[in-house]
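Data file: target32.cif. Format and content: mmCIF, C-alpha atoms and all ligand atoms.
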```cif
data_entry
#
loop_
_atom_site.label_atom_id
_atom_site.label_comp_id
_atom_site.auth_asym_id
_atom_site.auth_seq_id
_atom_site.Cartn_x
_atom_site.Cartn_y
_atom_site.Cartn_z
CA MET X 1 0.00 0.00 0.00
CA SER X 2 1.38 3.43 -0.87
CA ALA X 3 1.39 6.48 1.42
CA ASN X 4 0.22 9.90 0.30
CA ILE X 5 2.63 12.65 1.41
CA ASN X 6 1.86 16.38 1.20
CA LEU X 7 4.48 19.08 1.75
CA PRO X 8 4.87 22.82 1.11
CA ARG X 9 6.19 23.58 -2.39
CA ILE X 10 9.03 25.71 -0.98
CA LEU X 11 10.79 25.00 2.34
CA ARG X 12 13.59 27.39 3.30
CA VAL X 13 15.20 26.15 6.52
CA GLY X 14 17.91 27.70 8.69
CA ALA X 15 19.29 30.99 10.02
CA GLY X 16 18.09 33.92 7.95
CA ALA X 17 15.37 32.01 6.07
CA SER X 18 12.84 34.74 6.89
CA ALA X 19 15.08 37.29 5.13
CA GLU X 20 14.13 35.47 1.92
CA LEU X 21 10.49 36.56 2.10
CA ALA X 22 10.56 39.07 -0.77
CA ALA X 23 12.41 36.59 -2.99
CA THR X 24 9.88 33.90 -2.10
CA LEU X 25 6.93 36.12 -3.01
CA ASP X 26 8.63 36.83 -6.32
CA GLU X 27 9.12 33.14 -6.97
CA LEU X 28 5.45 32.48 -6.22
CA MET X 29 4.38 35.44 -8.38
CA VAL X 30 2.12 36.92 -5.70
CA SER X 31 2.00 40.69 -5.48
CA SER X 32 -0.43 41.80 -2.79
CA PRO X 33 -0.11 39.78 0.43
CA LEU X 34 -1.82 40.38 3.76
CA LEU X 35 0.58 39.85 6.68
CA VAL X 36 -1.34 38.06 9.45
CA THR X 37 0.29 38.15 12.87
CA ASP X 38 -0.23 38.93 16.56
CA PRO X 39 0.50 42.04 18.67
CA PHE X 40 3.70 40.64 20.20
CA MET X 41 5.30 40.20 16.77
CA LYS X 42 4.77 43.90 16.14
CA GLU X 43 6.12 44.92 19.54
CA CYS X 44 9.28 42.85 19.26
CA GLY X 45 10.19 44.21 15.84
CA TYR X 46 9.73 41.05 13.75
CA VAL X 47 6.94 42.69 11.72
CA ALA X 48 9.01 45.81 10.97
CA ARG X 49 11.87 43.66 9.70
CA LEU X 50 9.62 41.82 7.25
CA LEU X 51 7.89 44.99 6.10
CA GLN X 52 11.25 46.61 5.37
CA GLN X 53 11.96 43.76 2.96
CA LEU X 54 8.59 44.20 1.29
CA ASP X 55 9.11 47.97 0.98
CA GLU X 56 12.52 47.44 -0.56
CA GLY X 57 10.98 44.95 -2.98
CA ASN X 58 8.14 47.38 -3.87
CA VAL X 59 5.52 44.88 -2.76
CA SER X 60 2.13 46.34 -1.83
CA TYR X 61 0.82 44.72 1.34
CA GLY X 62 -1.64 44.99 4.21
CA VAL X 63 -1.17 44.06 7.87
CA PHE X 64 -3.54 42.40 10.33
CA ALA X 65 -1.80 42.19 13.71
CA GLU X 66 -4.70 41.24 15.98
CA CYS X 67 -4.42 37.42 16.05
CA VAL X 68 -5.33 35.85 19.39
CA PRO X 69 -4.06 32.63 20.96
CA ASP X 70 -6.27 29.72 19.84
CA PRO X 71 -8.04 31.56 16.99
CA THR X 72 -11.82 31.69 17.00
CA THR X 73 -14.38 32.07 14.23
CA ASP X 74 -14.82 35.69 15.40
CA SER X 75 -11.10 36.50 15.31
CA VAL X 76 -10.80 34.90 11.85
CA ALA X 77 -13.80 36.95 10.65
CA ALA X 78 -12.02 40.19 11.64
CA ALA X 79 -8.90 39.19 9.68
CA LEU X 80 -11.02 38.08 6.72
CA GLU X 81 -12.67 41.49 6.53
CA VAL X 82 -9.23 43.13 6.22
CA PHE X 83 -8.21 40.61 3.54
CA ARG X 84 -11.35 41.25 1.49
CA SER X 85 -11.24 45.01 1.79
CA GLY X 86 -7.64 45.13 0.53
CA ALA X 87 -7.92 43.05 -2.67
CA HIS X 88 -5.14 40.77 -1.47
CA ASP X 89 -3.96 37.73 -3.42
CA SER X 90 -2.11 35.82 -0.66
CA VAL X 91 -1.40 35.66 3.08
CA ILE X 92 1.88 35.77 4.97
CA ALA X 93 1.54 34.13 8.39
CA LEU X 94 4.07 35.30 11.00
CA GLY X 95 3.92 33.82 14.50
CA GLY X 96 3.06 30.67 16.38
CA GLY X 97 0.38 28.18 15.42
CA SER X 98 -2.36 30.66 16.30
CA SER X 99 -1.25 33.25 13.74
CA ILE X 100 -0.53 30.59 11.12
CA ASP X 101 -3.94 28.96 11.60
CA THR X 102 -5.68 32.35 11.46
CA ALA X 103 -3.92 33.05 8.16
CA LYS X 104 -4.88 29.60 6.85
CA ALA X 105 -8.53 30.16 7.72
CA VAL X 106 -8.47 33.56 6.00
CA ALA X 107 -6.92 32.00 2.89
CA VAL X 108 -9.65 29.37 2.56
CA MET X 109 -12.57 31.60 3.61
CA ALA X 110 -11.44 34.21 1.03
CA GLU X 111 -13.15 32.08 -1.60
CA ARG X 112 -16.01 30.66 0.48
CA GLU X 113 -19.20 31.87 2.09
CA GLY X 114 -21.33 30.82 5.02
CA PRO X 115 -20.74 29.71 8.61
CA MET X 116 -17.20 28.49 9.18
CA ARG X 117 -18.30 25.42 11.12
CA GLN X 118 -19.41 23.74 7.89
CA TYR X 119 -15.73 23.40 6.91
CA LYS X 120 -14.61 21.30 9.90
CA VAL X 121 -13.75 17.62 9.45
CA PRO X 122 -15.06 15.45 7.83
CA HIS X 123 -15.33 18.24 5.22
CA THR X 124 -12.19 18.47 3.03
CA ILE X 125 -10.87 21.92 2.12
CA THR X 126 -9.28 21.61 -1.31
CA SER X 127 -8.38 25.18 -2.25
CA GLY X 128 -7.50 28.63 -0.94
CA ALA X 129 -5.27 31.66 -1.51
CA PRO X 130 -1.50 31.00 -1.33
CA ILE X 131 -0.13 30.87 2.23
CA ILE X 132 3.48 31.75 3.10
CA ALA X 133 4.18 30.63 6.69
CA ILE X 134 6.94 31.99 8.93
CA PRO X 135 6.79 30.16 12.30
CA THR X 136 8.17 31.80 15.44
CA THR X 137 7.57 28.88 17.83
CA ALA X 138 9.15 25.43 17.59
CA GLY X 139 6.07 24.18 17.91
CA THR X 140 3.03 23.27 16.05
CA GLY X 141 4.58 22.46 12.68
CA SER X 142 1.57 24.24 11.17
CA GLU X 143 3.92 25.70 8.54
CA ALA X 144 4.06 22.21 6.97
CA THR X 145 0.57 20.82 7.62
CA ARG X 146 -2.74 20.79 5.79
CA VAL X 147 -4.45 21.34 9.11
CA ALA X 148 -5.88 24.31 11.01
CA VAL X 149 -7.48 24.43 14.45
CA ILE X 150 -10.21 27.05 14.85
CA SER X 151 -12.50 27.42 17.88
CA ASP X 152 -16.19 27.92 17.22
CA THR X 153 -17.12 31.09 19.13
CA GLU X 154 -20.69 29.90 19.61
CA THR X 155 -20.15 26.30 20.71
CA GLN X 156 -16.57 26.59 22.15
CA GLU X 157 -15.60 23.52 20.13
CA LYS X 158 -11.97 23.46 18.93
CA MET X 159 -12.68 22.49 15.32
CA LEU X 160 -10.22 20.61 13.15
CA TRP X 161 -10.03 21.77 9.52
CA MET X 162 -8.18 19.64 6.97
CA GLY X 163 -7.34 19.65 3.29
CA LEU X 164 -4.75 20.74 0.75
CA GLY X 165 -6.18 24.26 0.69
CA LEU X 166 -4.63 24.69 4.16
CA MET X 167 -1.10 23.64 3.15
CA PRO X 168 1.27 26.61 2.92
CA VAL X 169 2.88 26.94 -0.53
CA ALA X 170 6.03 28.15 1.22
CA ALA X 171 7.45 27.87 4.73
CA LEU X 172 10.40 29.98 5.91
CA VAL X 173 11.70 28.11 8.93
CA ASP X 174 14.13 30.46 10.67
CA PHE X 175 15.18 29.37 14.16
CA GLU X 176 16.54 32.86 14.92
CA LEU X 177 12.92 33.97 15.38
CA THR X 178 12.58 31.52 18.29
CA LEU X 179 15.47 32.95 20.33
CA SER X 180 12.98 35.31 22.03
CA MET X 181 10.76 32.51 23.37
CA PRO X 182 10.56 32.44 27.18
CA TYR X 183 11.01 29.23 29.20
CA ARG X 184 7.35 28.18 29.49
CA LEU X 185 6.58 28.76 25.79
CA THR X 186 9.73 26.86 24.77
CA ALA X 187 8.78 23.92 26.99
CA ASP X 188 5.12 23.78 26.00
CA THR X 189 5.63 24.17 22.26
CA GLY X 190 8.53 21.71 22.38
CA ILE X 191 6.35 19.07 24.02
CA ASP X 192 3.67 19.75 21.41
CA SER X 193 6.26 18.81 18.76
CA LEU X 194 7.32 15.75 20.74
CA CYS X 195 3.70 14.60 20.85
CA HIS X 196 3.37 15.12 17.09
CA ALA X 197 6.40 12.91 16.48
CA LEU X 198 5.51 10.18 19.00
CA GLU X 199 1.84 10.07 18.01
CA ALA X 200 2.72 9.94 14.29
CA TYR X 201 5.16 7.08 14.94
CA VAL X 202 2.62 4.91 16.79
CA SER X 203 -0.37 5.99 14.66
CA ARG X 204 -2.30 3.36 12.73
CA LYS X 205 -1.61 5.57 9.68
CA ALA X 206 2.18 5.58 10.16
CA ASN X 207 4.22 4.80 7.06
CA PRO X 208 7.96 4.51 6.29
CA PHE X 209 8.21 8.15 5.19
CA THR X 210 6.62 9.55 8.35
CA ASP X 211 8.52 7.05 10.55
CA SER X 212 11.85 8.47 9.42
CA VAL X 213 10.96 12.10 10.17
CA ALA X 214 9.10 11.19 13.38
CA LEU X 215 12.04 9.22 14.82
CA SER X 216 14.48 11.96 13.91
CA ALA X 217 12.23 14.64 15.46
CA MET X 218 11.57 12.79 18.73
CA ARG X 219 15.28 12.09 19.26
CA THR X 220 16.24 15.69 18.55
CA ILE X 221 13.59 17.05 20.90
CA ALA X 222 14.36 14.63 23.74
CA LEU X 223 18.05 15.56 23.56
CA ASN X 224 17.63 19.34 23.18
CA ILE X 225 14.44 20.51 24.89
CA ARG X 226 15.93 21.00 28.35
CA THR X 227 18.88 23.01 26.97
CA ALA X 228 16.58 25.17 24.82
CA CYS X 229 14.52 25.98 27.91
CA GLU X 230 17.42 26.63 30.26
CA GLU X 231 19.71 28.41 27.80
CA PRO X 232 17.42 30.51 25.58
CA ASP X 233 20.37 31.88 23.57
CA ASN X 234 21.78 28.46 22.76
CA ARG X 235 21.62 28.57 18.96
CA THR X 236 22.46 24.89 18.51
CA ALA X 237 19.55 23.78 20.69
CA ARG X 238 17.18 26.33 19.13
CA GLU X 239 18.13 25.25 15.61
CA ALA X 240 17.64 21.59 16.51
CA MET X 241 14.23 22.25 18.10
CA MET X 242 13.02 24.28 15.12
CA LEU X 243 13.98 21.64 12.60
CA ALA X 244 12.37 18.94 14.74
CA ALA X 245 9.15 20.97 15.03
CA THR X 246 8.80 21.17 11.26
CA GLN X 247 9.62 17.46 10.98
CA GLY X 248 7.02 16.72 13.64
CA GLY X 249 4.47 18.67 11.62
CA ILE X 250 5.34 16.76 8.46
CA ALA X 251 5.09 13.47 10.37
CA PHE X 252 1.70 14.01 11.96
CA ALA X 253 0.13 15.72 8.95
CA ASN X 254 0.91 12.63 6.88
CA ALA X 255 0.26 9.96 9.54
CA SER X 256 -2.19 11.70 11.87
CA VAL X 257 -2.11 12.43 15.58
CA THR X 258 -3.77 10.04 18.00
CA LEU X 259 -5.30 9.98 21.47
CA ILE X 260 -3.19 12.68 23.16
CA HIS X 261 -4.21 15.35 20.68
CA GLY X 262 -7.78 14.05 20.60
CA MET X 263 -8.07 14.53 24.38
CA SER X 264 -6.03 17.73 24.43
CA ARG X 265 -8.27 19.88 22.21
CA PRO X 266 -11.27 19.79 24.62
CA ILE X 267 -8.99 20.79 27.53
CA GLY X 268 -7.91 23.79 25.47
CA ALA X 269 -11.48 24.61 24.48
CA PHE X 270 -12.96 24.33 28.00
CA TYR X 271 -10.19 25.77 30.17
CA HIS X 272 -7.98 27.73 27.74
CA VAL X 273 -4.90 25.76 28.72
CA PRO X 274 -2.18 26.52 26.11
CA HIS X 275 -2.17 23.76 23.51
CA GLY X 276 1.32 22.39 24.18
CA LEU X 277 0.74 22.41 27.92
CA SER X 278 -2.48 20.39 27.71
CA ASN X 279 -0.61 17.86 25.56
CA ALA X 280 2.13 17.74 28.19
CA MET X 281 -0.40 17.10 30.98
CA LEU X 282 -1.64 14.07 29.03
CA LEU X 283 1.58 12.69 27.54
CA PRO X 284 2.85 10.29 30.26
CA GLU X 285 -0.51 8.81 31.34
CA ILE X 286 -1.97 8.41 27.85
CA THR X 287 1.27 6.82 26.71
CA ALA X 288 1.21 4.44 29.71
CA TRP X 289 -2.31 3.35 28.71
CA SER X 290 -1.53 3.07 24.98
CA VAL X 291 1.76 1.09 25.01
CA GLU X 292 0.01 -2.30 24.96
CA GLY X 293 -1.27 -1.50 21.45
CA ALA X 294 2.20 -1.06 19.92
CA ARG X 295 4.82 -2.39 22.31
CA GLY X 296 7.61 -2.65 19.74
CA ARG X 297 7.11 0.87 18.41
CA TYR X 298 6.89 2.52 21.83
CA ALA X 299 9.99 0.58 22.97
CA GLN X 300 11.86 1.77 19.89
CA ALA X 301 10.77 5.35 20.63
CA ALA X 302 12.20 5.00 24.16
CA ARG X 303 15.54 3.80 22.78
CA VAL X 304 15.75 6.50 20.12
CA MET X 305 15.08 9.19 22.74
CA GLU X 306 17.77 7.62 24.98
CA MET X 307 15.21 7.01 27.73
CA ALA X 308 16.05 3.29 27.41
CA ALA X 309 19.25 1.50 26.39
CA ASP X 310 19.58 -0.16 22.98
CA THR X 311 20.02 -3.47 24.79
CA ASP X 312 16.86 -3.18 26.94
CA ALA X 313 14.10 -5.69 26.21
CA ASP X 314 10.79 -4.18 25.11
CA SER X 315 9.12 -4.61 28.51
CA LEU X 316 11.90 -2.73 30.30
CA ALA X 317 12.06 -0.08 27.58
CA LEU X 318 8.31 0.54 27.99
CA GLU X 319 8.66 1.04 31.74
CA LYS X 320 11.54 3.43 31.14
CA LEU X 321 9.56 5.30 28.49
CA VAL X 322 6.73 6.15 30.88
CA ALA X 323 9.21 7.00 33.65
CA GLY X 324 11.22 9.14 31.21
CA LEU X 325 8.15 11.10 30.11
CA ARG X 326 7.12 11.68 33.74
CA GLN X 327 10.66 12.89 34.47
CA LEU X 328 10.56 15.21 31.47
CA ASN X 329 7.34 16.79 32.76
CA ALA X 330 8.89 17.18 36.21
CA ASP X 331 12.06 18.75 34.77
CA LEU X 332 10.00 21.20 32.71
CA SER X 333 7.68 22.03 35.65
CA VAL X 334 4.53 20.90 33.83
CA PRO X 335 1.63 21.42 36.25
CA SER X 336 -1.27 19.02 36.75
CA PRO X 337 -4.68 20.34 35.60
CA GLY X 338 -5.54 21.15 39.24
CA ALA X 339 -2.23 22.89 39.91
CA TRP X 340 -2.77 24.90 36.74
CA GLY X 341 -5.96 26.30 38.25
CA ILE X 342 -8.82 24.17 36.93
CA LYS X 343 -11.44 23.50 39.60
CA GLU X 344 -12.06 19.82 40.38
CA GLN X 345 -15.84 20.16 40.08
CA ASP X 346 -15.53 21.89 36.67
CA TRP X 347 -13.20 19.16 35.40
CA PHE X 348 -15.43 16.27 36.45
CA ASP X 349 -18.67 17.98 35.31
CA ALA X 350 -17.24 18.51 31.83
CA LEU X 351 -15.75 15.03 31.36
CA PRO X 352 -18.65 13.43 29.44
CA VAL X 353 -18.74 16.28 26.89
CA MET X 354 -14.94 16.43 26.67
CA ALA X 355 -14.81 12.69 26.04
CA GLU X 356 -17.51 12.93 23.33
CA GLN X 357 -15.63 15.78 21.62
CA ALA X 358 -12.32 13.90 21.84
CA LEU X 359 -13.87 10.83 20.20
CA ALA X 360 -15.71 12.87 17.55
CA SER X 361 -12.45 14.49 16.40
CA GLY X 362 -11.44 11.13 14.93
CA SER X 363 -7.90 11.26 16.37
CA PRO X 364 -8.44 8.48 18.99
CA ALA X 365 -9.31 6.06 16.17
CA ASN X 366 -5.68 6.29 15.01
CA ASN X 367 -4.33 5.33 18.44
CA PRO X 368 -2.68 1.90 18.70
CA ARG X 369 -5.16 1.11 21.49
CA ILE X 370 -8.57 2.55 20.69
CA PRO X 371 -10.67 3.71 23.64
CA ASP X 372 -14.44 3.99 23.89
CA VAL X 373 -16.05 7.03 25.43
CA ASN X 374 -16.09 5.59 28.98
CA GLN X 375 -12.40 4.78 28.79
CA ILE X 376 -11.65 8.35 27.72
CA VAL X 377 -13.58 9.60 30.76
CA GLU X 378 -11.51 7.26 32.95
CA LEU X 379 -8.30 8.53 31.37
CA TYR X 380 -9.27 12.16 32.06
CA GLU X 381 -9.94 11.10 35.68
CA ARG X 382 -6.52 9.44 35.88
CA VAL X 383 -4.80 12.54 34.50
CA TRP X 384 -6.54 14.62 37.19
CA ARG X 385 -5.21 12.38 39.94
CA VAL X 386 -1.53 12.61 38.85
P1 LIG H 1 0.59 30.66 19.86
O1 LIG H 1 0.70 30.96 18.40
O2 LIG H 1 -0.78 30.56 20.45
O3 LIG H 1 1.41 31.75 20.65
C1 LIG H 1 1.39 31.79 22.07
C2 LIG H 1 2.05 33.08 22.54
O4 LIG H 1 3.44 33.03 22.26
C3 LIG H 1 1.53 34.35 21.86
O5 LIG H 1 1.33 35.34 22.82
C4 LIG H 1 2.66 34.74 20.92
O6 LIG H 1 2.73 36.13 20.68
C5 LIG H 1 3.87 34.25 21.67
N1 LIG H 1 5.03 33.99 20.81
C6 LIG H 1 5.05 33.35 19.61
N2 LIG H 1 6.30 33.30 19.14
C7 LIG H 1 7.09 33.91 20.04
C8 LIG H 1 8.49 34.18 20.11
N3 LIG H 1 9.32 33.79 19.15
N4 LIG H 1 8.95 34.84 21.20
C9 LIG H 1 8.13 35.22 22.21
N5 LIG H 1 6.80 35.00 22.20
C10 LIG H 1 6.29 34.36 21.12
O7 LIG H 1 1.39 29.33 20.25
P2 LIG H 1 1.62 27.93 19.49
O8 LIG H 1 1.78 26.92 20.51
O9 LIG H 1 2.67 28.07 18.46
O10 LIG H 1 0.24 27.69 18.71
C11 LIG H 1 -0.86 27.09 19.34
C12 LIG H 1 -2.00 26.97 18.36
O11 LIG H 1 -1.66 26.17 17.24
C13 LIG H 1 -3.23 26.29 19.01
O12 LIG H 1 -4.40 26.95 18.61
C14 LIG H 1 -3.17 24.89 18.43
O13 LIG H 1 -4.42 24.26 18.41
C15 LIG H 1 -2.65 25.16 17.04
N6 LIG H 1 -2.02 24.01 16.37
C16 LIG H 1 -2.12 23.93 15.03
C17 LIG H 1 -1.55 22.89 14.33
C18 LIG H 1 -1.68 22.82 12.85
O14 LIG H 1 -1.12 21.94 12.20
N7 LIG H 1 -2.41 23.71 12.24
C19 LIG H 1 -0.83 21.90 15.02
C20 LIG H 1 -0.71 22.00 16.40
C21 LIG H 1 -1.31 23.07 17.07
#
```

This structure in structure tokens:
Amino acid sequence: MSANINLPRILRVGAGASAELAATLDELMVSSPLLVTDPFMKECGYVARLLQQLDEGNVSYGVFAECVPDPTTDSVAAALEVFRSGAHDSVIALGGGSSIDTAKAVAVMAEREGPMRQYKVPHTITSGAPIIAIPTTAGTGSEATRVAVISDTETQEKMLWMGLGLMPVAALVDFELTLSMPYRLTADTGIDSLCHALEAYVSRKANPFTDSVALSAMRTIALNIRTACEEPDNRTAREAMMLAATQGGIAFANASVTLIHGMSRPIGAFYHVPHGLSNAMLLPEITAWSVEGARGRYAQAARVMEMAADTDADSLALEKLVAGLRQLNADLSVPSPGAWGIKEQDWFDALPVMAEQALASGSPANNPRIPDVNQIVELYERVWRV
């Protein structure tokens, strides 16, 4: 059976890649982009640097700098209005996954009408305006995925959108833009990438192409995430993390995420826990429950991440994997849901709906061990008790 792999048409990777924006627009023959970003990117000077390039290249452009974390249908609508009023032909996304997903939603809604919720999975989004993605977190991998995550303002559901219309035509992956990330953001976004790689590797849709990038990404992250957090100016660790984040995106977009991401989205939607952090809260316990479904693969993941020795038998490697992930959370000060501030009553009241939403996203069906709705409720309970 063959695997279907989708990638951006242009990937520029490494220090200074974002300085190639004007040249990239030229190559793509787009002439009137809307830059979609968030207020911090403006404050820290990243926007000004890009605009200088566009000015020097005589590109006419617009700017929308009001993206919010975890974009909503309302925040996308505001950006869409700016896109439509400016006769733009493309979008440049600068920022973390939230800015990139906002830009993606604008690009596809530019040629569509009606309520945005009709475009969530299982709908497939096949077309949209060209997207040029410049990630500033190492992170979501959204620069290389045909996925966007948009919250429905009315229902609070974190909707998954999928299809080739959401794949950036170009991604400028410049680790220098991540040097400004503080400790918590580095840790959370790094664990998001680790989940992408691990979930893609154990997914029922894994294939030899995604295996190679997933294994490379999980090893790189496991060996560099602590340094990137503790030494924010360490260029070697930052470069490694950025490359691994894009690889993680490529892996999961072509093999799918599994139970961790399925259960993580409702936590984000209900309690506004940052995406990477809710993944981190789930990672050790969901892995512990899932290992029986793919013992060999999880054991191999443990060895590749140097949490287990090459000579360890699978059963020992699995024990060490779960212990290693718990240790990683401890080292990176990942709080439990309660310590983060969620009230026990709120958590338990919401569990049935959260479990239904997790299951409906389709991601748990790709897990090596597939849970029913009651088992997902039990897993949320277990995660609370950690
Ligand atoms: P984010 O985009 O929400 O940004 C979080 C905060 O970090 C913002 O305040 C932002 O200004 C700040 N920030 C970003 N880059 C920075 C930098 N270099 N220095 C300092 N501060 C910086 O964070 P994220 O984790 O990258 O994105 C999360 C979103 O991405 C969620 O909505 C999640 O669901 C989505 N997501 C999408 C995909 C996909 O493939 N489309 C995959 C995973 C997650």

Report as number ranges by chain which protein, DNA and RNA residues come within 7 Å of ligand LIG 1 (chain H), using all atoms listed in the file.
X: 38-41, 69-71, 95-99, 101, 136-137, 139-142, 145-150, 177-182, 185, 189, 249, 265, 274-276

Skipping near chain neighbours, those fewer than 6 positions away, what residues fall within 6 Å of stretch 163-165 of chain X using only C-alpha atoms, listed as a VMD selection string?
chain X and resid 124 to 128 146

Serialized selection, C-alpha atoms, as a PDB file, in the coordinates of the input:
```pdb
ATOM      1  CA  THR X 124     -12.190  18.470   3.030  1.00  0.00           C
ATOM      2  CA  ILE X 125     -10.870  21.920   2.120  1.00  0.00           C
ATOM      3  CA  THR X 126      -9.280  21.610  -1.310  1.00  0.00           C
ATOM      4  CA  SER X 127      -8.380  25.180  -2.250  1.00  0.00           C
ATOM      5  CA  GLY X 128      -7.500  28.630  -0.940  1.00  0.00           C
ATOM      6  CA  ARG X 146      -2.740  20.790   5.790  1.00  0.00           C
TER       7      ARG X 146
END
```

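Proximity ranking of X:Leu277, X:Gly114, X:Arg219, X:Pro33 relative to X:Asp89 places X:Pro33 first, based on all atoms listed in the file.
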
Give as a ChimeraX atom specification every residue, naming chains and numbers as the document does, that has an atom within 6 Å of (0.1, 33.3, 6.9), counting all atoms listed in the file.
/X:36,91-93,100,103,131-133

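The two atoms in question, atom CA of X:Glu230 and atom CA of X:Arg184, are spaced 10.2 Å apart.
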
Write out as an mmCIF file with C-alpha atoms, in the frame of the given file the residues lying within 8 Å of X:Ala15, counting all atoms listed in the file and excluding same-chain residues fewer than 4 positions away.
```
data_model
loop_
_atom_site.group_PDB
_atom_site.id
_atom_site.type_symbol
_atom_site.label_atom_id
_atom_site.label_comp_id
_atom_site.auth_asym_id
_atom_site.auth_seq_id
_atom_site.Cartn_x
_atom_site.Cartn_y
_atom_site.Cartn_z
ATOM 1 C CA ASP X 174 14.130 30.460 10.670
ATOM 2 C CA PHE X 175 15.180 29.370 14.160
ATOM 3 C CA GLU X 176 16.540 32.860 14.920
#
```

Just to confirm, what's the straight-line distance from atom CA of X:Gly14 to atom CA of X:Ala244 in Å (one decimal)?
12.0 Å

Using all atoms listed in the file, which residues sit within 12 Å of X:Phe270 once same-chain residues fewer than 4 positions away are excluded, as a PyMOL selection string?
chain X and resi 70+151-153+155-158+263-266+274-275+278+337+342-343+346-351+353-355+357

So, with only C-alpha atoms as the atoms that count, which of X:Leu325, X:Ile134, X:Val121, X:Leu34 lies closest to X:Val106?
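Ranking X:Leu325, X:Ile134, X:Val121, X:Leu34 by distance to X:Val106, first place goes to X:Leu34.
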
Can you pull out the residues contacting X:Ala253? Cut-off 10 Å, using only C-alpha atoms, and skip same-chain residues under 2 positions away; I want them as a ChimeraX atom specification.
/X:5-7,141-142,144-147,162,167,196,200,210,247-251,255-257

Could you name the residues that touch X:Ala330 at 12 Å or less, counting only C-alpha atoms, but leaving out those on the same chain fewer than 2 positions away, as a ChimeraX atom specification?
/X:187,226,280-281,284,323-328,332-336,386

Dump as a Markdown table the rows for residues of stretch 252-301 of chain X within 10 Å of stretch 313-316 of chain X: closest atom pair and distance in Å with one decimal, only C-alpha atoms counted, ordered by chain and rising residue number.
```
| residue | atom | partner | partner_atom | distance |
| --- | --- | --- | --- | --- |
| X:Val291 | CA | X:Ser315 | CA | 9.9 |
| X:Arg295 | CA | X:Asp314 | CA | 6.8 |
| X:Gly296 | CA | X:Asp314 | CA | 6.4 |
| X:Arg297 | CA | X:Asp314 | CA | 9.2 |
| X:Tyr298 | CA | X:Asp314 | CA | 8.4 |
| X:Ala299 | CA | X:Asp314 | CA | 5.3 |
| X:Gln300 | CA | X:Asp314 | CA | 8.0 |
```

Selected residues written out, C-alpha atoms, as a PDB file, in the frame of the given file:
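Once everything was written out, this is out.pdb:
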```pdb
ATOM      1  CA  VAL X 291       1.760   1.090  25.010  1.00  0.00           C
ATOM      2  CA  ARG X 295       4.820  -2.390  22.310  1.00  0.00           C
ATOM      3  CA  GLY X 296       7.610  -2.650  19.740  1.00  0.00           C
ATOM      4  CA  ARG X 297       7.110   0.870  18.410  1.00  0.00           C
ATOM      5  CA  TYR X 298       6.890   2.520  21.830  1.00  0.00           C
ATOM      6  CA  ALA X 299       9.990   0.580  22.970  1.00  0.00           C
ATOM      7  CA  GLN X 300      11.860   1.770  19.890  1.00  0.00           C
TER       8      GLN X 300
END
```

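In this structure, atom CA of X:Glu285 sits 15.4 Å away from atom CA of X:Val202.
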